[in-house]
Amino acid sequence: MIESGEVIVKIADTRAIDVLVAVPESRMAEVKLNAPVIIKLWSDRQKSYRGVVREMSPAAESATRAFNVRITVTQPDVAFKLGITTGVKFTLDDAQSASGYLIPSKALTQINGQTLVWVVDANNQVQPRSVVAGSFREDGVLIIEGLQAGEKVAIAGVHTLVKDQRVKPVIEAAP
């Protein structure tokens with residue numbers, strides 16, 4: 001028995017799959033219409049899919065202050081099922097990604113209103129260095145001024161360090 005207005009079948013076109021993501025207003029500057037996007041399934045983090053930003057909400061949701069962004073997956077396969085959970089990375093253009101050094105967000109600190117990192121010198125002592133932070137991303141923060149190539153940066157316990165403190169560096173892979 002089926003009643004009037006009751007849904008008995010839903011049909012979906014799985015050749016064109018969209019991903020809906022809520023983007024905080026602080027990150028909307030990174031989102032551009034028709035921009036490329038990298039998508040990873042939570043169930044299989046090894047495989048990447050490509051997508052394109054198809055639609056951006058003109059207003060933020062009042063409760064979350066996040067904008068709904070719809071992304072079209074360009075070549076989904078059988079693993080990309082309807083309703084699956086994904087991670088999305090908005091790719092930066094070449095000018096943005098080449099204009100700084102990417103460091104872990106936990107390496108950045110503020111002292112007396114000044115943004116800085118702790119640089120480990122040749123004697124394994126830390127020195128505070130004032131920096132200018134660029135965009136914050138899932139994989140770290142882009143430092144656009146204040147660091148040089150090859151410098152070591154402290155990433156643990158940065159809120160407890162003092163100038164000229166001796167540390168024992170443990171090299172960690174870049175983000």
# chains A, B, ... in the order shown; residues from 1 in each chain; ligands from 1
$ select_by_dssp --residues "range 86-161 of chain A" --states "helix (DSSP H, G or I)" --output "PyMOL selection string"
chain A and resi 94-97+105-107
$ write_last_selection --atoms "C-alpha atoms" --output "CSV table (one decimal), in the first residue's frame"
chain,number,residue,atom,x,y,z
A,94,ASP,CA,50.9,29.8,-8.7
A,95,ALA,CA,51.4,33.4,-7.6
A,96,GLN,CA,49.9,32.7,-4.1
A,97,SER,CA,51.7,29.4,-3.6
A,105,SER,CA,50.4,26.6,12.1
A,106,LYS,CA,51.6,25.6,15.6
A,107,ALA,CA,55.0,27.2,14.8
$ residues_around --residues "range 45-51 of chain A" --least-positions-apart "6" --cutoff "8 Å" --atoms "only C-alpha atoms" --output "ChimeraX atom specification"
/A:36-39,71-76
$ write_last_selection --atoms "N, CA and C atoms" --output "PDB file, in the first residue's frame"
ATOM      1  N   PRO A  36      39.919  25.074  -9.682  1.00  0.00           N
ATOM      2  CA  PRO A  36      40.148  23.645  -9.440  1.00  0.00           C
ATOM      3  C   PRO A  36      40.195  23.328  -7.948  1.00  0.00           C
ATOM      4  N   VAL A  37      39.774  22.128  -7.598  1.00  0.00           N
ATOM      5  CA  VAL A  37      39.700  21.669  -6.218  1.00  0.00           C
ATOM      6  C   VAL A  37      40.211  20.231  -6.168  1.00  0.00           C
ATOM      7  N   ILE A  38      40.874  19.875  -5.078  1.00  0.00           N
ATOM      8  CA  ILE A  38      41.297  18.493  -4.865  1.00  0.00           C
ATOM      9  C   ILE A  38      40.391  17.889  -3.803  1.00  0.00           C
ATOM     10  N   ILE A  39      39.870  16.710  -4.072  1.00  0.00           N
ATOM     11  CA  ILE A  39      38.923  16.039  -3.185  1.00  0.00           C
ATOM     12  C   ILE A  39      39.482  14.678  -2.805  1.00  0.00           C
ATOM     13  N   ILE A  71      30.715  21.813  -5.392  1.00  0.00           N
ATOM     14  CA  ILE A  71      31.837  21.439  -6.244  1.00  0.00           C
ATOM     15  C   ILE A  71      31.416  20.251  -7.093  1.00  0.00           C
ATOM     16  N   THR A  72      31.673  20.318  -8.392  1.00  0.00           N
ATOM     17  CA  THR A  72      31.388  19.203  -9.288  1.00  0.00           C
ATOM     18  C   THR A  72      32.641  18.352  -9.437  1.00  0.00           C
ATOM     19  N   VAL A  73      32.512  17.050  -9.161  1.00  0.00           N
ATOM     20  CA  VAL A  73      33.616  16.110  -9.316  1.00  0.00           C
ATOM     21  C   VAL A  73      33.737  15.804 -10.801  1.00  0.00           C
ATOM     22  N   THR A  74      34.930  16.016 -11.369  1.00  0.00           N
ATOM     23  CA  THR A  74      35.070  15.894 -12.823  1.00  0.00           C
ATOM     24  C   THR A  74      35.119  14.454 -13.315  1.00  0.00           C
ATOM     25  N   GLN A  75      35.737  13.541 -12.570  1.00  0.00           N
ATOM     26  CA  GLN A  75      35.791  12.143 -13.010  1.00  0.00           C
ATOM     27  C   GLN A  75      35.584  11.198 -11.832  1.00  0.00           C
ATOM     28  N   PRO A  76      34.345  11.090 -11.334  1.00  0.00           N
ATOM     29  CA  PRO A  76      34.110  10.166 -10.222  1.00  0.00           C
ATOM     30  C   PRO A  76      34.198   8.722 -10.698  1.00  0.00           C
TER      31      PRO A  76
END
$ residues_around --residues "Glu55 in chain A" --least-positions-apart "3" --cutoff "9 Å" --atoms "only C-alpha atoms" --output "ChimeraX atom specification"
/A:33-34,68-72
$ residues_around --residues "range 86-90 of chain A" --least-positions-apart "2" --cutoff "9 Å" --atoms "only C-alpha atoms" --output "VMD selection string"
chain A and resid 19 21 30 to 32 35 to 43 45 84 92 137 to 138
$ write_last_selection --atoms "N, CA and C atoms" --output "short mmCIF file (atom, residue, chain, number, x, y, z; two decimals), in the first residue's frame"
data_model
loop_
_atom_site.label_atom_id
_atom_site.label_comp_id
_atom_site.auth_asym_id
_atom_site.auth_seq_id
_atom_site.Cartn_x
_atom_site.Cartn_y
_atom_site.Cartn_z
N VAL A 19 29.83 17.80 -4.60
CA VAL A 19 30.21 17.79 -3.20
C VAL A 19 29.77 19.13 -2.63
N VAL A 21 30.16 21.70 0.50
CA VAL A 21 31.04 21.98 1.63
C VAL A 21 30.68 23.35 2.21
N GLU A 30 39.78 32.40 -0.59
CA GLU A 30 40.47 31.35 -1.34
C GLU A 30 39.57 30.68 -2.38
N VAL A 31 38.27 30.88 -2.28
CA VAL A 31 37.33 30.18 -3.14
C VAL A 31 36.94 31.06 -4.33
N LYS A 32 37.14 30.52 -5.52
CA LYS A 32 36.81 31.24 -6.75
C LYS A 32 35.93 30.34 -7.61
N ALA A 35 37.21 27.42 -10.08
CA ALA A 35 38.57 27.12 -9.64
C ALA A 35 38.72 25.61 -9.43
N PRO A 36 39.92 25.07 -9.68
CA PRO A 36 40.15 23.65 -9.44
C PRO A 36 40.20 23.33 -7.95
N VAL A 37 39.77 22.13 -7.60
CA VAL A 37 39.70 21.67 -6.22
C VAL A 37 40.21 20.23 -6.17
N ILE A 38 40.87 19.87 -5.08
CA ILE A 38 41.30 18.49 -4.86
C ILE A 38 40.39 17.89 -3.80
N ILE A 39 39.87 16.71 -4.07
CA ILE A 39 38.92 16.04 -3.18
C ILE A 39 39.48 14.68 -2.81
N LYS A 40 39.39 14.34 -1.51
CA LYS A 40 39.80 13.02 -1.03
C LYS A 40 38.66 12.43 -0.21
N LEU A 41 38.42 11.15 -0.41
CA LEU A 41 37.40 10.46 0.37
C LEU A 41 37.96 10.14 1.75
N TRP A 42 37.13 10.25 2.78
CA TRP A 42 37.59 9.90 4.12
C TRP A 42 37.84 8.40 4.23
N SER A 43 37.16 7.63 3.41
CA SER A 43 37.33 6.18 3.45
C SER A 43 38.59 5.72 2.72
N ARG A 45 42.05 7.84 1.83
CA ARG A 45 42.80 9.09 1.78
C ARG A 45 43.94 9.06 0.76
N ILE A 84 28.76 10.07 0.52
CA ILE A 84 30.05 9.76 1.14
C ILE A 84 30.69 11.04 1.69
N LEU A 92 45.69 26.76 -4.47
CA LEU A 92 46.10 28.14 -4.64
C LEU A 92 46.71 28.31 -6.02
N ARG A 137 46.04 27.70 5.82
CA ARG A 137 45.50 26.58 5.05
C ARG A 137 45.39 25.36 5.94
N GLU A 138 44.81 24.29 5.40
CA GLU A 138 44.68 23.05 6.16
C GLU A 138 46.05 22.49 6.54
#
$ atom_distance --atom1 "CA of Asp139 in chain A" --atom2 "CA of Gln114 in chain A"
22.6 Å
$ closest_residue --among "A:Arg65, A:Arg54, A:His159, A:Lys168" --to "Glu25 in chain A" --atoms "only C-alpha atoms"
A:Arg65
$ atom_distance --atom1 "CA of Lys81 in chain A" --atom2 "CA of Val23 in chain A"
22.1 Å
$ residues_around --residues "Val158 in chain A" --least-positions-apart "4" --cutoff "7 Å" --atoms "only C-alpha atoms" --output "list of chain:residue names"
A:Ala107, A:Thr109, A:Trp118, A:Ala154
$ residues_around --residues "Lys152 in chain A" --least-positions-apart "6" --cutoff "10 Å" --atoms "only C-alpha atoms" --output "number ranges by chain"
A: 118-122, 124, 126, 169, 171
$ residues_around --residues "Ile143 in chain A" --least-positions-apart "6" --cutoff "8 Å" --atoms "only C-alpha atoms" --output "list in words"
Gly100, Tyr101, Leu102, Ile103, Val131, Val132, Ala133 and Gly134 of chain A
$ write_last_selection --atoms "C-alpha atoms" --output "JSON list (two decimals), in the first residue's frame"
[["chain", "number", "residue", "atom", "x", "y", "z"],
["A", 100, "GLY", "CA", 56.23, 32.44, 0.87],
["A", 101, "TYR", "CA", 57.27, 29.55, 3.08],
["A", 102, "LEU", "CA", 54.71, 27.06, 4.33],
["A", 103, "ILE", "CA", 55.17, 26.21, 8.02],
["A", 131, "VAL", "CA", 57.16, 37.49, 10.43],
["A", 132, "VAL", "CA", 54.24, 38.42, 8.24],
["A", 133, "ALA", "CA", 51.70, 35.61, 7.92],
["A", 134, "GLY", "CA", 49.83, 35.13, 4.69]]
$ atom_distance --atom1 "CA of Val162 in chain A" --atom2 "CA of Asn112 in chain A"
13.6 Å
$ closest_residue --among "A:Ser4, A:Ser26, A:Thr85, A:Ser135" --to "Ala60 in chain A" --atoms "only C-alpha atoms"
A:Ser26
$ select_by_dssp --residues "range 46-83 of chain A" --states "strand (DSSP E or B)" --output "mmCIF file with N, CA and C atoms, in the first residue's frame"
data_model
loop_
_atom_site.group_PDB
_atom_site.id
_atom_site.type_symbol
_atom_site.label_atom_id
_atom_site.label_comp_id
_atom_site.auth_asym_id
_atom_site.auth_seq_id
_atom_site.Cartn_x
_atom_site.Cartn_y
_atom_site.Cartn_z
ATOM 1 N N GLN A 46 44.231 7.896 0.171
ATOM 2 C CA GLN A 46 45.334 7.781 -0.768
ATOM 3 C C GLN A 46 44.959 8.290 -2.164
ATOM 4 N N LYS A 47 43.708 8.198 -2.520
ATOM 5 C CA LYS A 47 43.283 8.573 -3.864
ATOM 6 C C LYS A 47 42.712 9.986 -3.875
ATOM 7 N N SER A 48 43.095 10.752 -4.900
ATOM 8 C CA SER A 48 42.599 12.120 -5.059
ATOM 9 C C SER A 48 41.679 12.211 -6.266
ATOM 10 N N TYR A 49 40.701 13.069 -6.156
ATOM 11 C CA TYR A 49 39.799 13.363 -7.259
ATOM 12 C C TYR A 49 39.900 14.856 -7.554
ATOM 13 N N ARG A 50 39.616 15.206 -8.752
ATOM 14 C CA ARG A 50 39.627 16.620 -9.127
ATOM 15 C C ARG A 50 38.189 17.098 -9.244
ATOM 16 N N GLY A 51 38.014 18.359 -8.906
ATOM 17 C CA GLY A 51 36.704 18.965 -9.025
ATOM 18 C C GLY A 51 36.826 20.424 -9.403
ATOM 19 N N VAL A 52 35.668 21.039 -9.630
ATOM 20 C CA VAL A 52 35.611 22.446 -10.025
ATOM 21 C C VAL A 52 34.516 23.121 -9.200
ATOM 22 N N VAL A 53 34.810 24.306 -8.677
ATOM 23 C CA VAL A 53 33.796 25.059 -7.924
ATOM 24 C C VAL A 53 32.703 25.483 -8.899
ATOM 25 N N ARG A 54 31.495 24.967 -8.667
ATOM 26 C CA ARG A 54 30.377 25.231 -9.568
ATOM 27 C C ARG A 54 29.466 26.346 -9.072
ATOM 28 N N GLU A 55 29.330 26.429 -7.751
ATOM 29 C CA GLU A 55 28.356 27.379 -7.205
ATOM 30 C C GLU A 55 28.798 27.817 -5.817
ATOM 31 N N MET A 56 28.637 29.106 -5.519
ATOM 32 C CA MET A 56 28.953 29.640 -4.191
ATOM 33 C C MET A 56 27.740 30.398 -3.680
ATOM 34 N N ALA A 66 29.038 30.275 7.757
ATOM 35 C CA ALA A 66 29.760 29.569 6.699
ATOM 36 C C ALA A 66 28.963 29.674 5.403
ATOM 37 N N PHE A 67 29.674 29.671 4.294
ATOM 38 C CA PHE A 67 29.062 29.751 2.974
ATOM 39 C C PHE A 67 29.000 28.352 2.372
ATOM 40 N N ASN A 68 27.878 27.997 1.783
ATOM 41 C CA ASN A 68 27.765 26.719 1.094
ATOM 42 C C ASN A 68 28.405 26.840 -0.284
ATOM 43 N N VAL A 69 29.320 25.927 -0.579
ATOM 44 C CA VAL A 69 30.008 25.896 -1.862
ATOM 45 C C VAL A 69 29.770 24.521 -2.470
ATOM 46 N N ARG A 70 29.308 24.507 -3.718
ATOM 47 C CA ARG A 70 29.036 23.254 -4.419
ATOM 48 C C ARG A 70 30.140 23.012 -5.445
ATOM 49 N N ILE A 71 30.715 21.813 -5.392
ATOM 50 C CA ILE A 71 31.837 21.439 -6.244
ATOM 51 C C ILE A 71 31.416 20.251 -7.093
ATOM 52 N N THR A 72 31.673 20.318 -8.392
ATOM 53 C CA THR A 72 31.388 19.203 -9.288
ATOM 54 C C THR A 72 32.641 18.352 -9.437
ATOM 55 N N VAL A 73 32.512 17.050 -9.161
ATOM 56 C CA VAL A 73 33.616 16.110 -9.316
ATOM 57 C C VAL A 73 33.737 15.804 -10.801
#
$ closest_residue --among "A:Ile111, A:Leu82, A:Leu161, A:Gly140" --to "Asp13 in chain A" --atoms "only C-alpha atoms"
A:Leu82
